[in-house]
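Trainee: If it helps, the file is called input06.tsv and holds TSV, C-alpha atoms:
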```
chain	number	residue	atom	x	y	z
G	1	MET	CA	82.86	87.10	104.76
G	2	ASN	CA	80.97	89.55	106.89
G	3	PRO	CA	78.46	91.27	104.54
G	4	GLN	CA	79.18	94.56	106.33
G	5	THR	CA	82.87	94.28	105.42
G	6	GLU	CA	82.06	93.61	101.77
G	7	HIS	CA	79.70	96.60	101.67
G	8	GLU	CA	82.20	98.91	103.41
G	9	TYR	CA	85.05	97.73	101.19
G	10	LYS	CA	83.09	98.33	98.00
G	11	GLU	CA	82.00	101.74	99.27
G	12	VAL	CA	85.63	102.79	99.84
G	13	ILE	CA	86.72	101.43	96.45
G	14	ALA	CA	83.85	103.24	94.71
G	15	ALA	CA	85.09	106.55	96.18
G	16	CYS	CA	88.66	105.71	95.08
G	17	LYS	CA	87.49	104.80	91.57
G	18	LYS	CA	85.49	108.03	91.25
G	19	LEU	CA	88.55	110.10	92.20
G	20	PHE	CA	90.80	108.00	89.93
G	21	SER	CA	88.49	108.59	86.94
G	22	HIS	CA	88.19	112.32	87.67
G	23	LYS	CA	91.96	112.70	87.93
G	24	LEU	CA	92.33	110.73	84.69
G	25	HIS	CA	89.95	113.23	83.09
G	26	ASP	CA	92.00	116.17	84.42
G	27	TYR	CA	95.53	114.81	83.92
G	28	GLY	CA	95.15	111.94	81.48
G	29	THR	CA	97.36	108.95	82.16
G	30	ALA	CA	100.51	110.96	82.81
G	31	TRP	CA	101.27	108.42	85.58
G	32	ARG	CA	102.06	105.88	82.83
G	33	ILE	CA	105.48	107.55	82.53
G	34	LEU	CA	106.36	106.48	86.09
G	35	ARG	CA	108.51	103.45	86.70
G	36	LEU	CA	107.41	101.19	89.55
G	37	PRO	CA	110.01	102.55	92.01
G	38	SER	CA	108.63	106.05	91.40
G	39	ILE	CA	105.11	104.88	92.19
G	40	THR	CA	106.43	103.13	95.29
G	41	ASP	CA	108.01	106.42	96.38
G	42	GLN	CA	104.71	108.26	95.84
G	43	ILE	CA	102.99	105.73	98.11
G	44	TYR	CA	105.81	106.13	100.63
G	45	ILE	CA	105.33	109.91	100.72
G	46	LYS	CA	101.64	109.49	101.53
G	47	ALA	CA	102.19	106.80	104.20
G	48	HIS	CA	105.06	108.76	105.76
G	49	ARG	CA	102.88	111.89	106.00
G	50	ILE	CA	100.12	109.90	107.71
G	51	ARG	CA	102.56	108.49	110.27
G	52	SER	CA	104.11	111.91	110.86
G	53	ILE	CA	100.69	113.42	111.60
G	54	GLN	CA	99.78	110.46	113.82
G	55	GLU	CA	102.98	110.91	115.83
G	56	LYS	CA	102.78	114.71	116.11
G	57	GLY	CA	99.06	114.80	116.76
G	58	THR	CA	98.76	117.95	114.62
G	59	GLN	CA	99.15	118.95	111.02
G	60	LYS	CA	99.92	122.20	109.22
G	61	VAL	CA	98.56	121.26	105.79
G	62	GLU	CA	94.83	120.79	106.11
G	63	ASP	CA	94.56	117.86	103.67
G	64	ASP	CA	92.72	115.08	105.49
G	65	ILE	CA	94.73	111.89	106.05
G	66	LYS	CA	91.76	110.01	104.59
G	67	ASP	CA	92.78	111.55	101.25
G	68	ASP	CA	96.28	110.11	101.72
G	69	PHE	CA	94.85	106.63	102.32
G	70	ILE	CA	92.81	107.02	99.12
G	71	GLY	CA	96.04	108.10	97.39
G	72	ILE	CA	97.80	104.98	98.68
G	73	ILE	CA	95.02	102.81	97.26
G	74	ASN	CA	95.01	104.55	93.89
G	75	TYR	CA	98.80	104.58	93.52
G	76	CYS	CA	98.90	100.87	94.38
G	77	LEU	CA	96.27	100.28	91.69
G	78	MET	CA	98.37	102.33	89.25
G	79	ALA	CA	101.33	100.10	90.08
G	80	MET	CA	99.30	96.96	89.47
G	81	ILE	CA	98.11	98.37	86.15
G	82	GLN	CA	101.71	99.21	85.21
G	83	ILE	CA	102.71	95.63	86.02
G	84	LYS	CA	99.83	94.34	83.88
G	85	LEU	CA	100.74	96.59	80.94
G	86	ASN	CA	104.37	95.54	81.37
G	87	GLN	CA	106.61	97.16	78.78
G	88	SER	CA	103.82	98.81	76.78
G	89	SER	CA	105.10	102.19	75.73
G	90	GLU	CA	101.64	103.65	75.20
G	91	ILE	CA	101.18	106.48	77.67
G	92	ASP	CA	97.90	108.07	76.62
G	93	LEU	CA	95.08	105.73	77.54
G	94	LYS	CA	91.38	106.49	77.71
G	95	TRP	CA	89.24	105.73	80.76
G	96	SER	CA	87.52	103.03	78.68
G	97	GLU	CA	90.93	101.29	78.45
G	98	VAL	CA	91.97	101.90	82.05
G	99	GLU	CA	88.68	101.10	83.79
G	100	PRO	CA	88.74	97.34	83.04
G	101	LEU	CA	92.35	97.16	84.29
G	102	PHE	CA	91.37	99.10	87.43
G	103	ASP	CA	88.41	96.76	88.03
G	104	GLU	CA	90.53	93.66	87.43
G	105	ALA	CA	93.14	94.80	89.96
G	106	VAL	CA	90.42	95.64	92.50
G	107	ASN	CA	88.63	92.32	92.02
G	108	GLU	CA	91.84	90.34	92.38
G	109	THR	CA	92.76	92.31	95.51
G	110	PHE	CA	89.28	91.85	96.96
G	111	GLY	CA	89.57	88.10	96.36
G	112	LEU	CA	92.80	88.10	98.33
G	113	LEU	CA	91.05	90.03	101.11
G	114	GLN	CA	88.24	87.48	101.23
G	115	ASN	CA	90.70	84.62	101.64
G	116	LYS	CA	92.78	86.39	104.28
G	117	ASN	CA	89.72	87.71	106.10
G	118	HIS	CA	88.44	84.13	106.34
G	119	ASP	CA	91.71	82.87	107.82
G	120	TYR	CA	92.34	85.85	110.12
G	121	ASN	CA	88.67	86.31	111.08
G	122	GLU	CA	88.64	90.07	110.56
G	123	ALA	CA	91.46	90.68	113.04
G	124	TRP	CA	91.99	94.09	111.39
G	125	ARG	CA	88.85	95.36	113.12
G	126	ASP	CA	90.71	95.14	116.44
G	127	MET	CA	93.84	96.84	115.12
G	128	ARG	CA	94.80	100.49	115.48
G	129	VAL	CA	94.95	102.70	112.39
G	130	SER	CA	98.49	103.66	113.50
G	131	SER	CA	99.53	99.98	113.46
G	132	MET	CA	98.10	99.50	109.99
G	133	THR	CA	99.97	102.63	108.87
G	134	ASP	CA	103.17	101.05	110.18
G	135	ILE	CA	102.40	97.82	108.31
G	136	ILE	CA	101.87	99.80	105.09
G	137	LEU	CA	105.27	101.45	105.64
G	138	MET	CA	106.86	98.05	106.29
G	139	LYS	CA	105.34	96.70	103.08
G	140	LEU	CA	106.77	99.72	101.24
G	141	LEU	CA	110.24	99.02	102.61
G	142	ARG	CA	109.85	95.42	101.46
G	143	VAL	CA	108.86	96.58	97.97
G	144	LYS	CA	111.83	98.96	97.85
G	145	GLN	CA	114.13	96.09	98.82
G	146	ILE	CA	112.64	93.83	96.14
G	147	GLU	CA	112.98	96.63	93.59
G	148	GLY	CA	116.61	97.04	94.70
G	149	ASN	CA	117.05	93.31	94.03
G	150	GLU	CA	115.67	93.82	90.51
G	151	GLY	CA	112.44	92.02	91.44
G	152	LYS	CA	114.17	88.81	92.45
G	153	THR	CA	113.14	87.10	95.69
G	154	LEU	CA	114.22	83.83	97.24
G	155	VAL	CA	111.16	82.91	99.31
G	156	SER	CA	109.03	86.03	99.49
G	157	GLU	CA	106.00	87.15	97.55
G	158	GLY	CA	106.67	89.77	94.93
G	159	VAL	CA	105.79	93.43	94.70
G	160	LYS	CA	102.26	92.85	93.43
G	161	ALA	CA	101.21	90.97	96.58
G	162	ASN	CA	102.64	93.78	98.69
G	163	TYR	CA	100.71	96.40	96.70
G	164	GLN	CA	97.57	94.33	97.27
G	165	ASP	CA	98.20	94.14	101.01
G	166	MET	CA	98.75	97.91	101.13
G	167	ILE	CA	95.45	98.46	99.32
G	168	ASN	CA	93.63	96.27	101.79
G	169	TYR	CA	95.21	97.88	104.86
G	170	ALA	CA	94.45	101.36	103.50
G	171	VAL	CA	90.81	100.31	102.92
G	172	PHE	CA	90.66	99.01	106.49
G	173	CYS	CA	91.99	102.33	107.76
G	174	LEU	CA	89.36	104.26	105.83
G	175	ILE	CA	86.63	101.98	107.17
G	176	LYS	CA	87.89	102.50	110.73
G	177	LEU	CA	88.18	106.28	110.26
G	178	LYS	CA	84.52	106.61	109.23
```
Can you present the structure in this file as structure tokens?
Mentor:
Amino acid sequence: MNPQTEHEYKEVIAACKKLFSHKLHDYGTAWRILRLPSITDQIYIKAHRIRSIQEKGTQKVEDDIKDDFIGIINYCLMAMIQIKLNQSSEIDLKWSEVEPLFDEAVNETFGLLQNKNHDYNEAWRDMRVSSMTDIILMKLLRVKQIEGNEGKTLVSEGVKANYQDMINYAVFCLIKLK
């Protein structure tokens, strides 16, 4: 893997982790109450806003779309943590309990990126941010379909792999928007 890509990726994830931990300090783990389809819808809202701004060329709410890409990453990580915790009913978790789960999800997703980046030879660097936004939206529609099928697929990867792909595309977008 290109050392620059690894450095840039880790830089983006560090910013996401810092925000995640600060929000956990402010709000606790209230997100633990969310079912996976609700998290998917939160990601959809962020991706849809980005696409809307890209298409209109203007925005009325001054929140930077970079913040929405960070939100996509962090909500996908929340989803992966929810999957890992499965049916655990414990809602109030401390950062010391969440951080290892966050890091595990990031490391697993980064491993997937390394494998795909090897095979695709960093093709994402030649892609448009708008195209990657569309791919994130497509992945969301796939996840919604899988959720509608109660998680059952015939030949497709499950929701976790789609969350991982969305994380990686959102990281790519943030790298390209620097």
Trainee: With distances taken over all atoms listed in the file, which of G:Asn162, G:Asn117, G:Ser88, G:Thr133 is nearest to G:Thr5?
Mentor: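 Among the listed residues, G:Asn117 lies closest to G:Thr5.
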Trainee: Within 10 Å of (91.1, 101.4, 107.1) (coordinates as in the file), grab all the protein and nucleic acid residues, counting all atoms listed in the file, and write them out as a list in words.
Mentor: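 Those residues, ordered by chain and then number, are Glu8, Tyr9, Val12, Lys66, Phe69, Ile70, Trp124, Arg125, Met127, Arg128, Val129, Met132, Thr133, Ile167, Asn168, Tyr169, Ala170, Val171, Phe172, Cys173, Leu174, Ile175, Lys176, Leu177 and Lys178 of chain G.
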Trainee: Between atom CA of G:Val143 and atom CA of G:Lys17, what is the spacing in Å?
Mentor: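 Spanning atom CA of G:Lys17 to atom CA of G:Val143 is a straight-line distance of 23.8 Å.
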Trainee: Can you sort out the box for stretch 72-80 of chain G, edges along x, y and z, all listed atoms in, 5 Å on every side, with centre and edge lengths in Å to one decimal, as lines of an AutoDock Vina configuration file?
Mentor:
```
center_x = 98.2
center_y = 101.0
center_z = 94.0
size_x = 16.3
size_y = 18.0
size_z = 19.4
```
Trainee: Tell me, in Å to one decimal, how far atom CA of G:Ile50 is from atom CA of G:Ile65.
Mentor: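 Taking atom CA of G:Ile50 and atom CA of G:Ile65, their separation equals 6.0 Å.
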Trainee: Quote the spacing between atom CA of G:Ile53 and atom CA of G:Gln4 in Å to one decimal place.
Mentor: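 Spanning atom CA of G:Ile53 to atom CA of G:Gln4 is a straight-line distance of 29.1 Å.
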Trainee: With distances taken over only C-alpha atoms, which residue among G:Lys60, G:Lys144, G:His7, G:Arg35 lies nearest G:Val159?
Mentor: G:Lys144
Trainee: Applying 9 Å and all atoms listed in the file, which residues near G:Gln42 remain after dropping the ones on its own chain fewer than 6 positions away? List them as an mmCIF file with C-alpha atoms, in the coordinates of the input.
Mentor:
```cif
data_model
loop_
_atom_site.group_PDB
_atom_site.id
_atom_site.type_symbol
_atom_site.label_atom_id
_atom_site.label_comp_id
_atom_site.auth_asym_id
_atom_site.auth_seq_id
_atom_site.Cartn_x
_atom_site.Cartn_y
_atom_site.Cartn_z
ATOM 1 C CA GLY G 71 96.040 108.100 97.390
ATOM 2 C CA ILE G 72 97.800 104.980 98.680
ATOM 3 C CA TYR G 75 98.800 104.580 93.520
#
```
Trainee: Rank G:Asp92, G:Asp26, G:Asp103, G:Glu157 by their smallest atom-to-atom distance to G:Ile13, using only C-alpha atoms, and report the top residue only.
Mentor: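 With only C-alpha atoms as the atom set, the closest residue is G:Asp103.
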Trainee: With all atoms listed in the file as the atoms that count, which of G:Asn2, G:Asn149, G:Gln164, G:Thr29 lies nearest to G:Glu90?
Mentor: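 Of G:Asn2, G:Asn149, G:Gln164, G:Thr29, the one nearest G:Glu90, counting all atoms listed in the file, is G:Thr29.
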Trainee: Calculated over only C-alpha atoms, which of the candidates G:Ile136, G:Ala161, G:Val155, G:Leu19 has the smallest distance to G:Tyr44?
Mentor: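 Of G:Ile136, G:Ala161, G:Val155, G:Leu19, the one nearest G:Tyr44 is G:Ile136, counting only C-alpha atoms.
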Trainee: Pick from G:Leu77, G:Asp67, G:Ser156, G:Leu113: nearest to G:Val98, with only C-alpha atoms counted?
Mentor: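 Closest residue, counting only C-alpha atoms: G:Leu77.
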